[in-house]
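Colleague: Quick one: structure below, then a few questions.
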Amino acid sequence: MKSYLDFEKPVAELQAKIAELRTLGEGGDAVAIDEEISRLEAKSVAALKELYANLTPWQKTLVARHPNRPHFVDFVQGLVEDFTPLAGDRKFSEDEAIVGGVGRFRGEAVMVIGQEKGADTTSRLKHNFGMAKPEGYRKAVRLMETADRFGLPVIALVDTAGAFPGIEAEERGQAEAIARSTEACLNLTVPNVAVVIGEGGSGGAIAIATANAVLMLEHSIYSVISPEGAASILWRDAAKAQDAATNMKITSADLLRLGVIDGVVAEPLGGAHRAPDVVIKAAGDAIADALARFSNMAPEQIRDERRRKFLAIGRSL
């Protein structure tokens, strides 16, 4: 069942009319109805194209959070062969908000790490909506260190509103775990590529996204805090989230211009959720291109270039 966002109401209405006409056409004048359906379909595509050509940052936020948007498991299924998940941080427990493991990406052995939000109520609860606790980031550190030991490039697929803010997470050292994971990214002597596939929220994202190449899907977002959180702090009013989204520069176009990310993966018309296979393949091509740039570099060069890249952010605005 298709799910439409609030700003897509004109398209939803046209699609409803098309569905109604198709039902009527089963027992009426099929030729005349087919012509009307073709006209409405063309009008629907034009309306969708106009909407997505002028999305506001808040509308992009809604697209990034779309329930049907492809998640970590979809990208792994589409891009990684022989994926073997690895569990546990060897210190406290398994955190299913972060999923990771080894597999083959276009014939090359890699380590894949990312947040999984879940696709229905059961899986969302299982994965805690993609919000990891300290054990999740300590698992990420363990997997990155394993990748470094065996010379496996690291691919990170980022999709989280942020790290879990609960009391138990703070008691177990959430901030320290995020810092250690960020440090592990910086210390890698193998190339790592991060792709923000939905939301890239706060330290929960940067903990696995401190990479040689940081890419974003066209309608994903990446920020130090959610628009709602920023509005609550700045104006003490979460209803001002739209203003916050505009001022925070959270879109892929803004972040590419500011030098925070290295590339943008185009999405199909209407967003990744309308053609998941297309965007997954495009992301795979972008990841392959990014990894190829480091194929002839020495391990120390890979690490040093990553560190220079992050030290340079914000120095030439």
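Ligands are numbered from 1 in the order shown, chains are lettered A, B, ... in the order of the structure tokens, and residues start at 1 in each chain.
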Where in range 228-311 of chain A does DSSP assign alpha helix (DSSP H), given as a PyMOL selection string?
Modeller: chain A and resi 228-234+241-248+252-257+276-292+299-311
Colleague: Would you output that residue set with C-alpha atoms, as a PDB file, in the first residue's frame?
Modeller:
```
ATOM      1  CA  GLU A 228      12.411  19.186  16.467  1.00  0.00           C
ATOM      2  CA  GLY A 229      15.185  19.042  19.052  1.00  0.00           C
ATOM      3  CA  ALA A 230      16.800  22.228  17.777  1.00  0.00           C
ATOM      4  CA  ALA A 231      13.452  24.045  17.817  1.00  0.00           C
ATOM      5  CA  SER A 232      12.819  22.923  21.391  1.00  0.00           C
ATOM      6  CA  ILE A 233      16.191  24.302  22.490  1.00  0.00           C
ATOM      7  CA  LEU A 234      16.254  27.520  20.469  1.00  0.00           C
ATOM      8  CA  ALA A 241      10.870  22.479  13.472  1.00  0.00           C
ATOM      9  CA  GLN A 242      10.366  23.712   9.907  1.00  0.00           C
ATOM     10  CA  ASP A 243      12.252  26.944  10.696  1.00  0.00           C
ATOM     11  CA  ALA A 244      14.992  24.953  12.397  1.00  0.00           C
ATOM     12  CA  ALA A 245      15.360  22.614   9.410  1.00  0.00           C
ATOM     13  CA  THR A 246      15.806  25.571   7.074  1.00  0.00           C
ATOM     14  CA  ASN A 247      18.401  27.307   9.244  1.00  0.00           C
ATOM     15  CA  MET A 248      20.426  24.213  10.162  1.00  0.00           C
ATOM     16  CA  SER A 252      22.647  17.045   0.915  1.00  0.00           C
ATOM     17  CA  ALA A 253      22.961  20.101  -1.354  1.00  0.00           C
ATOM     18  CA  ASP A 254      23.815  22.408   1.566  1.00  0.00           C
ATOM     19  CA  LEU A 255      26.305  19.984   3.112  1.00  0.00           C
ATOM     20  CA  LEU A 256      28.052  19.324  -0.193  1.00  0.00           C
ATOM     21  CA  ARG A 257      28.428  23.074  -0.710  1.00  0.00           C
ATOM     22  CA  PRO A 276      14.339   1.182  -4.056  1.00  0.00           C
ATOM     23  CA  ASP A 277      16.241  -1.037  -6.491  1.00  0.00           C
ATOM     24  CA  VAL A 278      17.311   1.966  -8.567  1.00  0.00           C
ATOM     25  CA  VAL A 279      18.677   3.940  -5.638  1.00  0.00           C
ATOM     26  CA  ILE A 280      20.380   0.900  -4.084  1.00  0.00           C
ATOM     27  CA  LYS A 281      22.251   0.258  -7.326  1.00  0.00           C
ATOM     28  CA  ALA A 282      23.190   3.953  -7.610  1.00  0.00           C
ATOM     29  CA  ALA A 283      24.508   3.900  -4.041  1.00  0.00           C
ATOM     30  CA  GLY A 284      26.516   0.781  -4.858  1.00  0.00           C
ATOM     31  CA  ASP A 285      28.094   2.502  -7.857  1.00  0.00           C
ATOM     32  CA  ALA A 286      29.009   5.525  -5.720  1.00  0.00           C
ATOM     33  CA  ILE A 287      30.525   3.302  -3.006  1.00  0.00           C
ATOM     34  CA  ALA A 288      32.560   1.378  -5.588  1.00  0.00           C
ATOM     35  CA  ASP A 289      33.887   4.624  -7.096  1.00  0.00           C
ATOM     36  CA  ALA A 290      34.832   5.930  -3.644  1.00  0.00           C
ATOM     37  CA  LEU A 291      36.662   2.736  -2.656  1.00  0.00           C
ATOM     38  CA  ALA A 292      38.523   2.677  -5.972  1.00  0.00           C
ATOM     39  CA  PRO A 299      47.496   2.271   4.905  1.00  0.00           C
ATOM     40  CA  GLU A 300      49.084   5.276   6.626  1.00  0.00           C
ATOM     41  CA  GLN A 301      48.096   7.529   3.717  1.00  0.00           C
ATOM     42  CA  ILE A 302      44.486   6.385   3.972  1.00  0.00           C
ATOM     43  CA  ARG A 303      44.384   7.193   7.686  1.00  0.00           C
ATOM     44  CA  ASP A 304      46.181  10.528   7.334  1.00  0.00           C
ATOM     45  CA  GLU A 305      43.954  11.709   4.471  1.00  0.00           C
ATOM     46  CA  ARG A 306      40.847  10.951   6.531  1.00  0.00           C
ATOM     47  CA  ARG A 307      42.163  12.929   9.487  1.00  0.00           C
ATOM     48  CA  ARG A 308      43.114  15.909   7.304  1.00  0.00           C
ATOM     49  CA  LYS A 309      39.718  15.867   5.684  1.00  0.00           C
ATOM     50  CA  PHE A 310      37.876  16.238   9.001  1.00  0.00           C
ATOM     51  CA  LEU A 311      40.309  18.792  10.389  1.00  0.00           C
TER      52      LEU A 311
END
```
Colleague: What lies within 12 Å of Ile178 in chain A using only C-alpha atoms, ignoring chain neighbours under 3 positions off, as a ChimeraX atom specification?
Modeller: /A:132-141,162-164,169-170,172-175,181-185,202-210
Colleague: Pick the closest to Glu35 in chain A from A:Thr23, A:Ser3, A:Ile98, A:Ile18: which is it, counting only C-alpha atoms?
Modeller: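 Residue with the minimum atom-to-atom distance to Glu35 in chain A: A:Ile18.
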Colleague: Can you tell me, as a ChimeraX atom specification, what residues are no more than 12 Å from Asp6 in chain A when counting only C-alpha atoms, ignoring any on the same chain fewer than 2 positions away?
Modeller: /A:3-4,8-13,51,58-59,62-63,66
Colleague: Which one is closest to Gln15 in chain A: A:Ile33, A:Glu96, A:Leu48, A:Glu171? Count only C-alpha atoms.
Modeller: A:Leu48
Colleague: Step one, run DSSP on the backbone; step two, keep only residues of range 35-250 of chain A assigned to strand (DSSP E or B); then write them as a VMD selection string.
Modeller: chain A and resid 80 to 85 98 to 105 108 to 115 154 to 160 192 to 201 213 to 217 221 to 223
Colleague: Calculate how many Å separate CA of Ala47 in chain A from CA of Leu269 in chain A, rounding to one decimal.
Modeller: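 Going from CA of Ala47 in chain A over to CA of Leu269 in chain A, I get 10.9 Å.
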Colleague: In Å, rounded to a single decimal, give me how far CA of Asp262 in chain A is from CA of Tyr52 in chain A.
Modeller: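 So the answer is 22.5 Å.
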